[in-house]
Amino acid sequence: MARIVVLGAGFAGNTAALNLKKALGGRHEVIVVTPRKNFSYVPSLVWVGVGSMKPEKTQFDLTPVYKKHGIIFKNGAAEEIHPDGQDQFVVIKYPDGVKESINYDYLINATGPKLNYSATPGLGPDSGYSDSICTLPHAVKTRDNYLKAVDRMKQGKRQKFVVGTGHGTATCQGAAFEFIHNLEFDLNMRGVRNMADITWISNEPSLGDFGVGGVIVKKSGNFVSGKLFAESTFLEKGIKWVERAHVRKVENGSLNYITIDGAEGGLEFDFAMLIPPFAGVPISYRDKNGNDIKNQMCVPSGFMKVDADYDSSARPFDEWDTSDWPKTYNNQIYKNIFAAGIAFAPPHPISKPFKSPDGTSIVPSPPRTGMASGIIGHTVAMSIIDMIKKGEKEPAHYASMSKFGAICITSMGKSLTHGSAALLTMDPVVPDYEKYKFGRNLNYTFGDIGLAGHWVKYMLHYLFLWKMKGKFGWHIIPD
Ligand SMILES: Cc1cc2nc3c(=O)[nH]c(=O)nc-3n(C[C@H](O)[C@H](O)[C@H](O)COP(=O)(O)OP(=O)(O)OC[C@H]3O[C@@H](n4cnc5c(N)ncnc54)[C@H](O)[C@@H]3O)c2cc1C
């Protein structure tokens, strides 16, 4: 009997666990460890943050799901990984403080990100002055602060809203972009849009970069850039913007930034939703003698090293190659460990990196979206299944972000009759300029905007919750 321990139950971990159990059945053990009992459908938090979706619609209890599927559920947080020596194990801590060691034959690290608010002084909802929609509790707090601002506008007080990224290396520009459009849409619905000044601030080298180096799509025979698309939506809605910016400090009601060009500035706000940079979840790694081996296992930001070319980050942007990106997500020191979803360390950004004159790095980190996380979790599970069932020594399944594409549906307003969303597909995620003129296959890279996009986005919410709950036919729903 083999035991597979999966750390994390997000898109990557839950997809991996369900697929492992389906293929391996009762003869092998699948254990999921996660500190939160609930699965959270993070993409819909853009709606929770403006009060247009109830929080409970975005989550469900994992306990009955894992019980039904025969997956062992440990509601705790991984604190230590001991990958060396004869017995390999993780140490987990339960909410009551009790610790347990769990041996494994295969380990999947799918712990997602640590939300690294402390990288920018004053950032974040816990000990800072800005809001965030990266977790459900934070999205609920965001909604409450947003609704207070709405009340102030109803009382005749003009309000300033700032939305974007709270650090030069933050990711998830797409989520912030969705949020600003939903906020603008919701203010219209509440009849107070004329009382609001809305500003976008982002670390993208240009609008519409979205951390994937921008995108060009072919539409009605013309080439349209992500930049043109993003700028036109802001112009149409009267949203101002600051781009190429690193937020240096957030204070009560204001923030301060520097741009790639060295311009320094400030923005005042009554409400700010700023996405933090991500780091790896703090887990300690020990060899058989108890020595700290974290720097062998992880990059400095704490994400786990896999089969990527990490030396490539020292090369200039023009020399980065699609082959730098991992294919199997297998740790190269311990072949029974994998990292999936946000937990794996990318080799370098996708967008062109810049530094401001004072040496501050301003470059979006590569997004690893829910779709990519699901694909990677599934791929890793298939490799482990073959290693167990066929005795394969090496992982035999591949999913490089420079080979597979992505579908991004950017909500721009939630209403079944006059909502809207931009539907964008890109293939591949990491552009391949050797193969394609604009880095991507234009047959599969397209975009459109309209009410139908909102219906698709809304439908996907329920479809993916169905899949993540492991309900009837879950496995035929694509990742
Ligand atoms: C507001 C917002 C909107 C988004 N919209 C979209 C979208 O429209 N489409 C899209 O494709 N992507 C979207 N994304 C990105 C998507 O949510 C992420 O890519 C996805 O959640 C990553 O999945 P993951 O499994 O890697 O990590 P997560 O979903 O973060 O899951 C990590 C898991 O690890 C657990 N964990 C944490 N610490 C430990 C520990 N110490 N031990 C064990 N377990 C631990 C967590 O509890 C959680 O279960 C959005 C992101 C945000 C923030």
# chains A, B, ... in the order shown; residues from 1 in each chain; ligands from 1
$ residues_around --residues "segment 307-320 of chain A" --least-positions-apart "6" --cutoff "6 Å" --atoms "only C-alpha atoms" --output "number ranges by chain"
A: 326, 329-330, 347-348
$ write_last_selection --atoms "N, CA and C atoms" --output "compact mmCIF listing (two decimals), in the first residue's frame"
# COMPACT_ATOMS: atom_id res chain seq x y z
N PRO A 326 8.76 24.53 -15.83
CA PRO A 326 8.66 23.11 -15.43
C PRO A 326 7.60 22.36 -16.22
N TYR A 329 6.72 19.18 -12.43
CA TYR A 329 6.52 19.75 -11.08
C TYR A 329 7.08 18.81 -10.00
N ASN A 330 8.10 18.06 -10.41
CA ASN A 330 8.75 17.09 -9.52
C ASN A 330 9.98 17.75 -8.91
N PRO A 347 10.37 29.81 -12.79
CA PRO A 347 11.79 30.11 -12.99
C PRO A 347 12.09 31.61 -13.03
N HIS A 348 11.12 32.40 -13.49
CA HIS A 348 11.29 33.85 -13.61
C HIS A 348 9.93 34.43 -13.99
$ residues_near_ligand --ligand "ligand 1" --cutoff "7 Å" --atoms "only C-alpha atoms and all ligand atoms" --output "MDAnalysis selection string"
chainID A and resid 7:13 33:36 39 42:46 76:79 110:113 133:135 172 175:176 281:283 340:343 368:373 408:410
$ closest_residue --among "A:Leu18, A:Leu107, A:Leu187, A:Leu136" --to "Asn336 of chain A" --atoms "only C-alpha atoms"
A:Leu107
$ closest_residue --among "A:Val65, A:Val91, A:Ile384, A:Ala170" --to "His28 of chain A" --atoms "only C-alpha atoms"
A:Ile384
$ closest_residue --among "A:Ile449, A:Leu424, A:Cys298, A:Val306" --to "Ile216 of chain A" --atoms "only C-alpha atoms"
A:Leu424
$ closest_residue --among "A:Gly208, A:Pro137, A:Pro64, A:Gly191" --to "Gly49 of chain A" --atoms "only C-alpha atoms"
A:Pro137
$ closest_residue --among "A:Gly302, A:Pro205, A:Gly174, A:Gly168" --to "Ile258 of chain A" --atoms "only C-alpha atoms"
A:Gly168
$ closest_residue --among "A:Phe344, A:Phe446, A:Phe278, A:Tyr41" --to "Phe303 of chain A" --atoms "only C-alpha atoms"
A:Phe344
$ atom_distance --atom1 "atom CA of Leu235 of chain A" --atom2 "atom CA of Thr360 of chain A"
29.2 Å
$ atom_distance --atom1 "atom CA of Gly280 of chain A" --atom2 "atom CA of Val250 of chain A"
23.0 Å
$ atom_distance --atom1 "atom CA of Ile4 of chain A" --atom2 "atom CA of Ile31 of chain A"
6.2 Å
$ select_by_dssp --residues "segment 162-285 of chain A" --states "helix (DSSP H, G or I)" --output "MDAnalysis selection string"
chainID A and resid 173:189 193:195 226:237
$ residues_around --residues "Asp84 of chain A" --least-positions-apart "2" --cutoff "7 Å" --atoms "only C-alpha atoms" --output "ChimeraX atom specification"
/A:82,86,88,287-288
$ write_last_selection --atoms "C-alpha atoms" --output "compact mmCIF listing (two decimals), in the first residue's frame"
# COMPACT_ATOMS: atom_id res chain seq x y z
CA HIS A 82 11.32 15.69 6.53
CA GLN A 86 14.31 6.05 5.45
CA GLN A 88 9.81 10.51 5.17
CA ASP A 287 17.24 16.50 6.57
CA LYS A 288 17.66 13.25 8.50
$ residues_around --residues "Asp197 of chain A" --least-positions-apart "6" --cutoff "7 Å" --atoms "only C-alpha atoms" --output "PyMOL selection string"
chain A and resi 159-161
$ write_last_selection --atoms "C-alpha atoms" --output "PDB file, in the first residue's frame"
ATOM      1  CA  GLN A 159     -15.344  59.162  -1.988  1.00  0.00           C
ATOM      2  CA  LYS A 160     -11.989  58.148  -3.489  1.00  0.00           C
ATOM      3  CA  PHE A 161     -11.457  54.503  -4.437  1.00  0.00           C
TER       4      PHE A 161
END
$ select_by_dssp --residues "segment 178-322 of chain A" --states "strand (DSSP E)" --output "NGL selection string"
:A and (196-201 or 216-219 or 222-225 or 240-242 or 245-251 or 254-259 or 264-268 or 271-275 or 278-280 or 284-285)
$ residues_around --residues "segment 394-402 of chain A" --least-positions-apart "4" --cutoff "10 Å" --atoms "only C-alpha atoms" --output "compact mmCIF listing (two decimals) with N, CA and C atoms, in the first residue's frame"
# COMPACT_ATOMS: atom_id res chain seq x y z
N ALA A 308 12.20 23.18 -13.00
CA ALA A 308 12.38 24.39 -13.82
C ALA A 308 13.87 24.70 -13.91
N ASP A 321 13.62 31.36 -22.09
CA ASP A 321 13.14 30.41 -23.07
C ASP A 321 11.95 29.63 -22.51
N THR A 322 11.11 29.14 -23.40
CA THR A 322 9.95 28.36 -22.93
C THR A 322 10.41 27.10 -22.18
N SER A 323 11.62 26.60 -22.52
CA SER A 323 12.10 25.38 -21.85
C SER A 323 12.52 25.63 -20.40
N ASP A 324 12.56 26.90 -19.98
CA ASP A 324 12.87 27.20 -18.57
C ASP A 324 11.76 26.71 -17.65
N TRP A 325 10.55 26.58 -18.21
CA TRP A 325 9.37 26.32 -17.38
C TRP A 325 9.23 24.84 -17.04
N PRO A 326 8.76 24.53 -15.83
CA PRO A 326 8.66 23.11 -15.43
C PRO A 326 7.60 22.36 -16.22
N LYS A 327 7.81 21.04 -16.30
CA LYS A 327 6.86 20.19 -17.02
C LYS A 327 6.19 19.18 -16.10
N THR A 328 6.97 18.67 -15.13
CA THR A 328 6.42 17.59 -14.28
C THR A 328 6.13 18.06 -12.86
N TYR A 329 6.72 19.18 -12.43
CA TYR A 329 6.52 19.75 -11.08
C TYR A 329 7.08 18.81 -10.00
N ASN A 330 8.10 18.06 -10.41
CA ASN A 330 8.75 17.09 -9.52
C ASN A 330 9.98 17.75 -8.91
N LYS A 335 12.53 12.69 -5.44
CA LYS A 335 11.64 12.43 -6.57
C LYS A 335 10.23 12.01 -6.17
N ASN A 336 10.00 11.82 -4.87
CA ASN A 336 8.63 11.49 -4.45
C ASN A 336 7.88 12.74 -3.94
N PHE A 338 6.28 16.54 -5.09
CA PHE A 338 5.82 17.40 -6.18
C PHE A 338 5.27 18.70 -5.58
N PRO A 346 8.11 29.43 -9.95
CA PRO A 346 8.35 29.64 -11.38
C PRO A 346 9.82 30.04 -11.59
N ARG A 368 -0.50 32.06 -11.52
CA ARG A 368 -0.82 30.64 -11.68
C ARG A 368 -2.28 30.53 -11.32
N ALA A 372 -4.82 26.78 -14.34
CA ALA A 372 -3.46 26.21 -14.40
C ALA A 372 -3.21 25.33 -13.18
N ILE A 375 -4.96 22.02 -13.69
CA ILE A 375 -4.26 21.20 -14.69
C ILE A 375 -3.00 20.58 -14.08
N ILE A 376 -2.25 21.41 -13.34
CA ILE A 376 -0.99 20.92 -12.76
C ILE A 376 -1.27 19.87 -11.67
N GLY A 377 -2.28 20.13 -10.83
CA GLY A 377 -2.65 19.15 -9.79
C GLY A 377 -3.03 17.81 -10.41
N HIS A 378 -3.78 17.85 -11.51
CA HIS A 378 -4.22 16.63 -12.19
C HIS A 378 -3.01 15.90 -12.80
N THR A 379 -2.11 16.68 -13.42
CA THR A 379 -0.93 16.09 -14.08
C THR A 379 -0.04 15.37 -13.07
N VAL A 380 0.19 16.04 -11.94
CA VAL A 380 1.03 15.47 -10.89
C VAL A 380 0.39 14.18 -10.36
N ALA A 381 -0.95 14.21 -10.19
CA ALA A 381 -1.65 13.02 -9.71
C ALA A 381 -1.45 11.87 -10.70
N MET A 382 -1.54 12.14 -12.00
CA MET A 382 -1.39 11.07 -12.99
C MET A 382 0.02 10.47 -12.96
N SER A 383 1.02 11.35 -12.75
CA SER A 383 2.39 10.84 -12.66
C SER A 383 2.54 9.91 -11.46
N ILE A 384 1.97 10.31 -10.33
CA ILE A 384 2.10 9.49 -9.11
C ILE A 384 1.34 8.16 -9.30
N ILE A 385 0.18 8.25 -9.94
CA ILE A 385 -0.60 7.03 -10.19
C ILE A 385 0.25 6.04 -11.01
N ASP A 386 0.93 6.53 -12.05
CA ASP A 386 1.77 5.65 -12.86
C ASP A 386 2.98 5.13 -12.08
N MET A 387 3.52 5.98 -11.21
CA MET A 387 4.66 5.54 -10.41
C MET A 387 4.23 4.40 -9.48
N ALA A 406 -4.88 29.03 -21.60
CA ALA A 406 -5.75 29.39 -20.47
C ALA A 406 -6.97 30.13 -20.98
N ASP A 427 -3.10 30.96 -25.84
CA ASP A 427 -2.41 29.69 -26.00
C ASP A 427 -1.03 29.93 -26.61
N PRO A 428 0.07 29.64 -25.91
CA PRO A 428 0.11 29.14 -24.53
C PRO A 428 0.11 30.29 -23.53
N VAL A 429 0.14 29.94 -22.20
CA VAL A 429 0.16 30.98 -21.17
C VAL A 429 1.47 31.77 -21.25
N VAL A 430 2.59 31.02 -21.29
CA VAL A 430 3.90 31.67 -21.42
C VAL A 430 4.16 31.83 -22.91
N PRO A 431 4.30 33.06 -23.41
CA PRO A 431 4.41 33.24 -24.85
C PRO A 431 5.65 32.56 -25.44
N ASP A 432 5.48 32.04 -26.66
CA ASP A 432 6.57 31.36 -27.36
C ASP A 432 6.86 32.18 -28.63
N ARG A 440 1.85 33.85 -29.32
CA ARG A 440 0.76 32.91 -29.05
C ARG A 440 0.08 32.50 -30.35
$ residues_around --residues "Phe60 of chain A" --least-positions-apart "6" --cutoff "9 Å" --atoms "only C-alpha atoms" --output "VMD selection string"
chain A and resid 37 to 41 465 469
$ write_last_selection --atoms "N, CA and C atoms" --output "PDB file, in the first residue's frame"
ATOM      1  N   LYS A  37     -11.225  24.032   6.897  1.00  0.00           N
ATOM      2  CA  LYS A  37     -12.139  22.916   6.625  1.00  0.00           C
ATOM      3  C   LYS A  37     -12.881  23.101   5.319  1.00  0.00           C
ATOM      4  N   ASN A  38     -12.930  24.353   4.844  1.00  0.00           N
ATOM      5  CA  ASN A  38     -13.747  24.655   3.678  1.00  0.00           C
ATOM      6  C   ASN A  38     -12.909  24.820   2.418  1.00  0.00           C
ATOM      7  N   PHE A  39     -13.475  24.373   1.304  1.00  0.00           N
ATOM      8  CA  PHE A  39     -12.916  24.747   0.003  1.00  0.00           C
ATOM      9  C   PHE A  39     -13.446  26.131  -0.313  1.00  0.00           C
ATOM     10  N   SER A  40     -12.577  27.003  -0.814  1.00  0.00           N
ATOM     11  CA  SER A  40     -13.001  28.359  -1.135  1.00  0.00           C
ATOM     12  C   SER A  40     -12.899  28.579  -2.644  1.00  0.00           C
ATOM     13  N   TYR A  41     -14.007  28.973  -3.263  1.00  0.00           N
ATOM     14  CA  TYR A  41     -13.981  29.261  -4.705  1.00  0.00           C
ATOM     15  C   TYR A  41     -13.540  30.720  -4.883  1.00  0.00           C
ATOM     16  N   LEU A 465     -17.720  24.406  -8.671  1.00  0.00           N
ATOM     17  CA  LEU A 465     -18.064  23.973  -7.312  1.00  0.00           C
ATOM     18  C   LEU A 465     -18.555  22.517  -7.362  1.00  0.00           C
ATOM     19  N   LYS A 469     -16.623  19.517  -5.501  1.00  0.00           N
ATOM     20  CA  LYS A 469     -17.339  18.712  -4.505  1.00  0.00           C
ATOM     21  C   LYS A 469     -17.298  17.227  -4.869  1.00  0.00           C
TER      22      LYS A 469
END
$ decode --residues "segment 21-135 of chain A" --atoms "C-alpha atoms" --output "mmCIF file, in the first residue's frame"
data_model
loop_
_atom_site.group_PDB
_atom_site.id
_atom_site.type_symbol
_atom_site.label_atom_id
_atom_site.label_comp_id
_atom_site.auth_asym_id
_atom_site.auth_seq_id
_atom_site.Cartn_x
_atom_site.Cartn_y
_atom_site.Cartn_z
ATOM 1 C CA LYS A 21 -8.340 8.393 -5.068
ATOM 2 C CA LYS A 22 -10.416 7.696 -8.166
ATOM 3 C CA ALA A 23 -7.514 5.876 -9.834
ATOM 4 C CA LEU A 24 -5.974 4.198 -6.801
ATOM 5 C CA GLY A 25 -9.119 3.057 -4.990
ATOM 6 C CA GLY A 26 -9.062 1.392 -1.566
ATOM 7 C CA ARG A 27 -5.646 -0.266 -1.930
ATOM 8 C CA HIS A 28 -3.779 2.986 -1.388
ATOM 9 C CA GLU A 29 -4.213 5.839 1.061
ATOM 10 C CA VAL A 30 -4.781 9.471 0.092
ATOM 11 C CA ILE A 31 -4.515 11.957 2.955
ATOM 12 C CA VAL A 32 -5.358 15.653 2.583
ATOM 13 C CA VAL A 33 -3.954 18.097 5.136
ATOM 14 C CA THR A 34 -5.353 21.614 5.207
ATOM 15 C CA PRO A 35 -5.862 24.195 7.969
ATOM 16 C CA ARG A 36 -9.216 25.338 6.579
ATOM 17 C CA LYS A 37 -12.139 22.916 6.625
ATOM 18 C CA ASN A 38 -13.747 24.655 3.678
ATOM 19 C CA PHE A 39 -12.916 24.747 0.003
ATOM 20 C CA SER A 40 -13.001 28.359 -1.135
ATOM 21 C CA TYR A 41 -13.981 29.261 -4.705
ATOM 22 C CA VAL A 42 -11.607 32.226 -4.852
ATOM 23 C CA PRO A 43 -12.579 33.555 -8.354
ATOM 24 C CA SER A 44 -16.012 34.631 -7.064
ATOM 25 C CA LEU A 45 -14.543 36.706 -4.225
ATOM 26 C CA VAL A 46 -14.538 39.655 -6.664
ATOM 27 C CA TRP A 47 -18.328 39.551 -6.266
ATOM 28 C CA VAL A 48 -18.306 39.011 -2.489
ATOM 29 C CA GLY A 49 -16.116 42.119 -2.125
ATOM 30 C CA VAL A 50 -18.831 44.415 -3.499
ATOM 31 C CA GLY A 51 -21.709 42.571 -1.848
ATOM 32 C CA SER A 52 -23.121 41.076 -5.047
ATOM 33 C CA MET A 53 -22.625 37.455 -3.940
ATOM 34 C CA LYS A 54 -23.290 35.955 -0.523
ATOM 35 C CA PRO A 55 -20.082 34.638 1.107
ATOM 36 C CA GLU A 56 -21.554 31.184 1.788
ATOM 37 C CA LYS A 57 -22.079 30.653 -1.955
ATOM 38 C CA THR A 58 -18.310 30.579 -2.469
ATOM 39 C CA GLN A 59 -17.383 27.782 -0.088
ATOM 40 C CA PHE A 60 -18.317 24.321 1.117
ATOM 41 C CA ASP A 61 -17.233 21.914 3.864
ATOM 42 C CA LEU A 62 -14.678 19.397 2.608
ATOM 43 C CA THR A 63 -15.416 16.830 5.355
ATOM 44 C CA PRO A 64 -18.405 15.053 3.689
ATOM 45 C CA VAL A 65 -16.723 15.219 0.266
ATOM 46 C CA TYR A 66 -13.609 13.421 1.474
ATOM 47 C CA LYS A 67 -15.668 10.974 3.516
ATOM 48 C CA LYS A 68 -17.688 10.027 0.426
ATOM 49 C CA HIS A 69 -14.558 9.558 -1.686
ATOM 50 C CA GLY A 70 -12.582 7.624 0.948
ATOM 51 C CA ILE A 71 -9.964 10.342 1.331
ATOM 52 C CA ILE A 72 -8.527 10.815 4.824
ATOM 53 C CA PHE A 73 -8.935 14.419 5.926
ATOM 54 C CA LYS A 74 -6.603 16.034 8.456
ATOM 55 C CA ASN A 75 -7.748 19.515 9.399
ATOM 56 C CA GLY A 76 -4.328 20.922 10.308
ATOM 57 C CA ALA A 77 -1.419 22.917 8.870
ATOM 58 C CA ALA A 78 1.845 21.390 7.666
ATOM 59 C CA GLU A 79 4.736 22.863 9.638
ATOM 60 C CA GLU A 80 7.710 20.654 8.789
ATOM 61 C CA ILE A 81 8.677 18.383 5.923
ATOM 62 C CA HIS A 82 11.317 15.686 6.530
ATOM 63 C CA PRO A 83 12.066 14.363 3.040
ATOM 64 C CA ASP A 84 15.374 12.663 3.889
ATOM 65 C CA GLY A 85 16.197 9.310 5.450
ATOM 66 C CA GLN A 86 14.312 6.054 5.453
ATOM 67 C CA ASP A 87 11.035 7.363 6.836
ATOM 68 C CA GLN A 88 9.806 10.509 5.172
ATOM 69 C CA PHE A 89 7.191 12.463 7.035
ATOM 70 C CA VAL A 90 5.407 15.770 7.548
ATOM 71 C CA VAL A 91 4.636 17.329 10.899
ATOM 72 C CA ILE A 92 1.225 18.930 11.052
ATOM 73 C CA LYS A 93 -0.363 21.093 13.719
ATOM 74 C CA TYR A 94 -4.077 20.950 14.518
ATOM 75 C CA PRO A 95 -6.081 24.031 15.549
ATOM 76 C CA ASP A 96 -5.894 22.928 19.238
ATOM 77 C CA GLY A 97 -2.080 22.961 19.086
ATOM 78 C CA VAL A 98 -1.629 19.176 18.988
ATOM 79 C CA LYS A 99 1.016 17.991 16.512
ATOM 80 C CA GLU A 100 1.150 14.787 14.486
ATOM 81 C CA SER A 101 3.797 13.224 12.251
ATOM 82 C CA ILE A 102 2.496 11.559 9.109
ATOM 83 C CA ASN A 103 4.705 9.311 6.989
ATOM 84 C CA TYR A 104 4.345 9.454 3.235
ATOM 85 C CA ASP A 105 5.450 7.603 0.133
ATOM 86 C CA TYR A 106 4.542 10.538 -2.110
ATOM 87 C CA LEU A 107 3.982 14.139 -1.121
ATOM 88 C CA ILE A 108 2.227 16.925 -3.034
ATOM 89 C CA ASN A 109 2.796 20.454 -1.797
ATOM 90 C CA ALA A 110 -0.285 22.405 -2.932
ATOM 91 C CA THR A 111 -0.314 24.961 -0.133
ATOM 92 C CA GLY A 112 -0.904 28.001 -2.377
ATOM 93 C CA PRO A 113 0.474 31.393 -1.330
ATOM 94 C CA LYS A 114 1.298 33.159 1.878
ATOM 95 C CA LEU A 115 -0.245 36.591 1.420
ATOM 96 C CA ASN A 116 2.852 38.662 2.062
ATOM 97 C CA TYR A 117 1.311 41.943 3.236
ATOM 98 C CA SER A 118 4.370 42.780 5.325
ATOM 99 C CA ALA A 119 6.390 43.402 2.132
ATOM 100 C CA THR A 120 4.775 46.866 1.959
ATOM 101 C CA PRO A 121 4.452 48.866 5.193
ATOM 102 C CA GLY A 122 0.800 49.546 5.977
ATOM 103 C CA LEU A 123 -0.562 47.071 3.399
ATOM 104 C CA GLY A 124 -3.426 44.719 4.168
ATOM 105 C CA PRO A 125 -6.570 44.335 6.205
ATOM 106 C CA ASP A 126 -5.077 42.782 9.357
ATOM 107 C CA SER A 127 -2.492 45.321 10.441
ATOM 108 C CA GLY A 128 -2.630 47.866 7.629
ATOM 109 C CA TYR A 129 -4.955 50.312 5.924
ATOM 110 C CA SER A 130 -5.966 48.573 2.692
ATOM 111 C CA ASP A 131 -8.438 45.807 1.901
ATOM 112 C CA SER A 132 -7.947 42.607 -0.060
ATOM 113 C CA ILE A 133 -10.111 39.935 -1.709
ATOM 114 C CA CYS A 134 -7.642 37.031 -1.640
ATOM 115 C CA THR A 135 -9.459 35.077 1.096
#
